[in-house]
Amino acid sequence: MNYKINENDIILIQDDFNLGETLDCGQAFRWSAVDNNTYEGYYLDHYLMIVQNDNTFTFKNTSEADFLNIWTDYFDLNTDYAGLKKVFSTDQTLKSACDYAGGIRLLRQDAWETLCSFIISQNNNIPRIKGIISRLCEHYGHFPSAQELSGETEESLNYLRSGFRAKYIIDAAKKTADKSVDLSTIYDMDYEDGKKKLMEIKGVGPKVADCVLLFGIHKTQACPVDVWIKRVLAYFYPEGMPECVKGYDGIAQQYLFHYARKHSDLFENK
């Protein structure tokens with residue numbers, strides 16, 4: 001990894017990484033664009049402002065320890081995305097997707113924050129999801145733990161304006177806090193067992209469970225299927241995802257999801 005320290009900043013040279021493609025593709029909801037090449041946001045209680053100029057990234061006011069111990073893992077900087085894209089690109093549709101948005105990286109998020117966020121995301125749009133999460137964090141002064149939220153009621157969460165999702169947030173918090181669904185053990189479970197365990201939480205279906213497994217627990221074979229991925233699978237992969245993505249279905253899904261949303265005309269003549 002090629003980086004240097006410049007006063008209070010960390011300067012990273014990194015190919016195959018784009019802030020907008022990574023932070024605005026629906027993986028995480030606590031980031032916002034300051035301008036065309038600058039984003040600010042949070043991983044748990046850790047704040048970051050990051051600036052991109054081509055393949056140069058400036059981690060503002062960041063210590064080397066935080067860069068190495070927090071942000072290197074969060075942005076998945078030790079994974080060879082160039083190598084993954086080379087393998088994926090043996091499939092023509094995936095090649096087009098990788099060429100279009102080759103800067104997407106899979107964020108390694110906190111499992112509880114991911115679970116709570118994707119419960120909130122159900123039948124929702126990104127601005128509303130961000131609004132609910134912002135109100136939650138403002139109320140607590142940080143992203144609340146499962147233990148903190150486990151004592152809430154639907155009425156006490158009225159300020160979130162989260163609708164039917166409030167009861168699911170509470171159930172997730174209670175089951176996570178009392179460890180009837182112990183997120184820490186899911187890292188060591190196989191994919192199917194982990195998915196079944198997450199679906200013991202009210203309101204967590206296959207898609208939300210896959211989002212938690214992929215974005216929060218980094219099981220890269222997890223492939224969340226929404227309306228866009230359903231279209232991709234129906235039109236291009238009726239027999240399932242191609243063999244070249246095996247084990248990394250979720251990373252391939254990120255390229256395909258972004259590509260499909262921006263190229264809806266692809267499906268008109270299919």
# chains A, B, ... in the order shown; residues from 1 in each chain; ligands from 1

call {"tool": "residues_around", "arguments": {"residues": "A:His46", "least_positions_apart": "5", "cutoff": "12 Å", "atoms": "only C-alpha atoms", "output": "list in words"}}
result
Arg30, Trp31, Glu40, Gly41, Asn61, Thr62, Ser63, Asp66, Phe67, Asn69, Ile70, Trp71, Tyr74, Gln109, Asp110, His142 and Phe143 of chain A

call {"tool": "residues_around", "arguments": {"residues": "A:Ala222", "least_positions_apart": "3", "cutoff": "6 Å", "atoms": "only C-alpha atoms", "output": "PDB file with all heavy atoms, in the first residue's frame"}}
result
ATOM      1  N   ASP A 210     -28.787 -10.858   3.350  1.00  0.00           N
ATOM      2  CA  ASP A 210     -27.631 -10.849   2.447  1.00  0.00           C
ATOM      3  C   ASP A 210     -26.871  -9.530   2.527  1.00  0.00           C
ATOM      4  O   ASP A 210     -25.640  -9.506   2.432  1.00  0.00           O
ATOM      5  CB  ASP A 210     -28.076 -11.118   1.006  1.00  0.00           C
ATOM      6  CG  ASP A 210     -28.160 -12.604   0.680  1.00  0.00           C
ATOM      7  OD1 ASP A 210     -27.412 -13.392   1.299  1.00  0.00           O
ATOM      8  OD2 ASP A 210     -28.954 -12.979  -0.197  1.00  0.00           O
ATOM      9  N   LEU A 214     -23.000  -9.367   3.526  1.00  0.00           N
ATOM     10  CA  LEU A 214     -22.036  -8.813   2.574  1.00  0.00           C
ATOM     11  C   LEU A 214     -21.363  -7.561   3.112  1.00  0.00           C
ATOM     12  O   LEU A 214     -20.128  -7.475   3.169  1.00  0.00           O
ATOM     13  CB  LEU A 214     -22.738  -8.502   1.250  1.00  0.00           C
ATOM     14  CG  LEU A 214     -21.863  -7.916   0.136  1.00  0.00           C
ATOM     15  CD1 LEU A 214     -20.748  -8.878  -0.261  1.00  0.00           C
ATOM     16  CD2 LEU A 214     -22.721  -7.552  -1.078  1.00  0.00           C
ATOM     17  N   LYS A 219     -19.011 -11.515   4.030  1.00  0.00           N
ATOM     18  CA  LYS A 219     -19.136 -12.814   3.354  1.00  0.00           C
ATOM     19  C   LYS A 219     -19.409 -12.502   1.888  1.00  0.00           C
ATOM     20  O   LYS A 219     -20.537 -12.212   1.493  1.00  0.00           O
ATOM     21  CB  LYS A 219     -20.239 -13.652   3.985  1.00  0.00           C
ATOM     22  CG  LYS A 219     -19.858 -14.165   5.373  1.00  0.00           C
ATOM     23  CD  LYS A 219     -20.818 -15.195   5.882  1.00  0.00           C
ATOM     24  CE  LYS A 219     -20.411 -15.707   7.260  1.00  0.00           C
ATOM     25  NZ  LYS A 219     -19.166 -16.493   7.272  1.00  0.00           N
ATOM     26  N   GLY A 250     -21.037 -11.213  -4.313  1.00  0.00           N
ATOM     27  CA  GLY A 250     -21.491  -9.929  -3.782  1.00  0.00           C
ATOM     28  C   GLY A 250     -20.708  -8.752  -4.333  1.00  0.00           C
ATOM     29  O   GLY A 250     -21.272  -7.674  -4.541  1.00  0.00           O
TER      30      GLY A 250
END

call {"tool": "select_by_dssp", "arguments": {"residues": "stretch 37-243 of chain A", "states": "strand (DSSP E)", "output": "list in words"}}
result
Thr38, Tyr39, Glu40, Gly41, Tyr42, Tyr43, His46, Tyr47, Leu48, Met49, Ile50, Val51, Gln52, Asn53, Thr56, Phe57, Thr58 and Phe59 of chain A

call {"tool": "residues_around", "arguments": {"residues": "stretch 82-91 of chain A", "least_positions_apart": "3", "cutoff": "7 Å", "atoms": "only C-alpha atoms", "output": "PyMOL selection string"}}
result
chain A and resi 16+94-95+98+244-245

call {"tool": "write_last_selection", "arguments": {"atoms": "N, CA, C and O atoms", "output": "CSV table (one decimal), in the first residue's frame"}}
result
chain,number,residue,atom,x,y,z
A,16,ASP,N,-8.2,1.7,-8.8
A,16,ASP,CA,-9.4,0.9,-8.7
A,16,ASP,C,-10.3,1.4,-7.5
A,16,ASP,O,-10.8,0.5,-6.7
A,94,LEU,N,-20.3,-8.6,-17.3
A,94,LEU,CA,-19.5,-8.1,-16.2
A,94,LEU,C,-18.4,-7.2,-16.6
A,94,LEU,O,-18.0,-6.2,-15.9
A,95,LYS,N,-17.8,-7.5,-17.8
A,95,LYS,CA,-16.7,-6.6,-18.3
A,95,LYS,C,-17.3,-5.2,-18.5
A,95,LYS,O,-16.6,-4.2,-18.1
A,98,CYS,N,-17.8,-3.6,-15.0
A,98,CYS,CA,-16.5,-3.2,-14.4
A,98,CYS,C,-15.9,-2.0,-15.1
A,98,CYS,O,-15.3,-1.1,-14.5
A,244,CYS,N,-17.2,-17.4,-13.1
A,244,CYS,CA,-16.1,-16.5,-12.8
A,244,CYS,C,-16.2,-15.7,-11.5
A,244,CYS,O,-15.2,-15.2,-11.1
A,245,VAL,N,-17.4,-15.6,-11.0
A,245,VAL,CA,-17.6,-14.7,-9.8
A,245,VAL,C,-17.7,-15.6,-8.5
A,245,VAL,O,-17.9,-15.1,-7.4

call {"tool": "atom_distance", "arguments": {"atom1": "atom CA of A:Tyr39", "atom2": "atom CA of A:Lys4"}}
result
20.1 Å

call {"tool": "closest_atom_pairs", "arguments": {"of": "stretch 22-125 of chain A", "to": "stretch 177-186 of chain A", "cutoff": "12 Å", "atoms": "only C-alpha atoms", "output": "tab-separated table"}}
result
residue	atom	partner	partner_atom	distance
A:Asp110	CA	A:Leu183	CA	10.0
A:Ala111	CA	A:Leu183	CA	6.8
A:Trp112	CA	A:Leu183	CA	7.3
A:Glu113	CA	A:Leu183	CA	11.0
A:Thr114	CA	A:Leu183	CA	10.9
A:Leu115	CA	A:Leu183	CA	9.5

call {"tool": "write_last_selection", "arguments": {"atoms": "N, CA, C and O atoms", "output": "mmCIF file, in the first residue's frame"}}
result
data_model
loop_
_atom_site.group_PDB
_atom_site.id
_atom_site.type_symbol
_atom_site.label_atom_id
_atom_site.label_comp_id
_atom_site.auth_asym_id
_atom_site.auth_seq_id
_atom_site.Cartn_x
_atom_site.Cartn_y
_atom_site.Cartn_z
ATOM 1 N N ASP A 110 -19.515 -2.143 10.227
ATOM 2 C CA ASP A 110 -19.864 -2.781 11.481
ATOM 3 C C ASP A 110 -21.153 -3.579 11.302
ATOM 4 O O ASP A 110 -22.122 -3.109 10.710
ATOM 5 N N ALA A 111 -21.174 -4.792 11.840
ATOM 6 C CA ALA A 111 -22.310 -5.684 11.607
ATOM 7 C C ALA A 111 -23.617 -5.126 12.186
ATOM 8 O O ALA A 111 -24.664 -5.177 11.536
ATOM 9 N N TRP A 112 -23.576 -4.594 13.424
ATOM 10 C CA TRP A 112 -24.804 -4.074 14.021
ATOM 11 C C TRP A 112 -25.292 -2.835 13.269
ATOM 12 O O TRP A 112 -26.477 -2.717 12.964
ATOM 13 N N GLU A 113 -24.396 -1.906 12.962
ATOM 14 C CA GLU A 113 -24.809 -0.713 12.229
ATOM 15 C C GLU A 113 -25.409 -1.101 10.879
ATOM 16 O O GLU A 113 -26.399 -0.513 10.427
ATOM 17 N N THR A 114 -24.824 -2.092 10.226
ATOM 18 C CA THR A 114 -25.341 -2.545 8.933
ATOM 19 C C THR A 114 -26.721 -3.163 9.074
ATOM 20 O O THR A 114 -27.628 -2.896 8.277
ATOM 21 N N LEU A 115 -26.897 -4.007 10.082
ATOM 22 C CA LEU A 115 -28.202 -4.635 10.324
ATOM 23 C C LEU A 115 -29.270 -3.575 10.553
ATOM 24 O O LEU A 115 -30.340 -3.602 9.911
#

call {"tool": "residues_around", "arguments": {"residues": "A:Lys174", "least_positions_apart": "5", "cutoff": "12 Å", "atoms": "only C-alpha atoms", "output": "JSON, numbers by chain"}}
result
{"A": [112, 116, 145, 146, 147, 148, 149, 150, 151, 152, 153, 167, 168, 169, 179, 180, 181, 182, 200, 201, 202]}

call {"tool": "residues_around", "arguments": {"residues": "stretch 237-240 of chain A", "least_positions_apart": "5", "cutoff": "12 Å", "atoms": "only C-alpha atoms", "output": "JSON, numbers by chain"}}
result
{"A": [91, 92, 93, 94, 223, 225, 229, 230, 231, 232, 245, 246, 249, 253, 256]}

call {"tool": "write_last_selection", "arguments": {"atoms": "N, CA, C and O atoms", "output": "tab-separated table (two decimals), in the first residue's frame"}}
result
chain	number	residue	atom	x	y	z
A	91	ASP	N	-16.41	-12.52	-18.45
A	91	ASP	CA	-17.83	-12.48	-18.83
A	91	ASP	C	-18.12	-11.11	-19.43
A	91	ASP	O	-17.79	-10.09	-18.83
A	92	GLN	N	-18.74	-11.05	-20.59
A	92	GLN	CA	-18.88	-9.79	-21.31
A	92	GLN	C	-19.76	-8.78	-20.58
A	92	GLN	O	-19.45	-7.58	-20.55
A	93	THR	N	-20.86	-9.23	-19.99
A	93	THR	CA	-21.72	-8.30	-19.26
A	93	THR	C	-20.99	-7.71	-18.05
A	93	THR	O	-21.04	-6.50	-17.80
A	94	LEU	N	-20.29	-8.55	-17.33
A	94	LEU	CA	-19.52	-8.07	-16.18
A	94	LEU	C	-18.37	-7.17	-16.61
A	94	LEU	O	-18.03	-6.21	-15.92
A	223	CYS	N	-25.17	-12.34	-2.07
A	223	CYS	CA	-25.54	-11.53	-3.24
A	223	CYS	C	-26.96	-10.99	-3.06
A	223	CYS	O	-27.93	-11.67	-3.43
A	225	VAL	N	-30.42	-9.49	-3.67
A	225	VAL	CA	-31.19	-9.43	-4.92
A	225	VAL	C	-32.33	-8.45	-4.77
A	225	VAL	O	-33.28	-8.69	-4.01
A	229	ILE	N	-31.12	-6.32	-9.70
A	229	ILE	CA	-30.38	-7.58	-9.83
A	229	ILE	C	-31.31	-8.68	-10.36
A	229	ILE	O	-30.88	-9.55	-11.13
A	230	LYS	N	-32.60	-8.62	-9.99
A	230	LYS	CA	-33.55	-9.57	-10.58
A	230	LYS	C	-33.58	-9.43	-12.10
A	230	LYS	O	-33.61	-10.43	-12.84
A	231	ARG	N	-33.57	-8.19	-12.58
A	231	ARG	CA	-33.56	-7.97	-14.03
A	231	ARG	C	-32.28	-8.49	-14.66
A	231	ARG	O	-32.31	-9.13	-15.71
A	232	VAL	N	-31.15	-8.20	-14.01
A	232	VAL	CA	-29.86	-8.68	-14.53
A	232	VAL	C	-29.86	-10.20	-14.61
A	232	VAL	O	-29.44	-10.78	-15.64
A	245	VAL	N	-17.40	-15.57	-11.00
A	245	VAL	CA	-17.56	-14.75	-9.78
A	245	VAL	C	-17.68	-15.60	-8.53
A	245	VAL	O	-17.86	-15.05	-7.44
A	246	LYS	N	-17.56	-16.90	-8.66
A	246	LYS	CA	-17.82	-17.80	-7.53
A	246	LYS	C	-17.02	-17.39	-6.29
A	246	LYS	O	-15.80	-17.22	-6.34
A	249	ASP	N	-19.54	-13.31	-5.40
A	249	ASP	CA	-20.80	-12.91	-6.02
A	249	ASP	C	-21.24	-11.52	-5.60
A	249	ASP	O	-21.75	-10.73	-6.40
A	253	GLN	N	-21.89	-8.31	-7.80
A	253	GLN	CA	-23.22	-7.72	-7.75
A	253	GLN	C	-23.15	-6.21	-7.67
A	253	GLN	O	-23.99	-5.51	-8.24
A	256	LEU	N	-22.61	-4.86	-11.11
A	256	LEU	CA	-23.80	-5.08	-11.93
A	256	LEU	C	-24.96	-4.18	-11.50
A	256	LEU	O	-25.69	-3.65	-12.34

call {"tool": "closest_residue", "arguments": {"among": "A:Leu106, A:Tyr140, A:Asp80, A:Ala252", "to": "A:Leu23", "atoms": "only C-alpha atoms"}}
result
A:Leu106

call {"tool": "atom_distance", "arguments": {"atom1": "atom CA of A:Gly103", "atom2": "atom CA of A:Thr22"}}
result
6.9 Å

call {"tool": "atom_distance", "arguments": {"atom1": "atom CA of A:Asp76", "atom2": "atom CA of A:Gly194"}}
result
21.7 Å
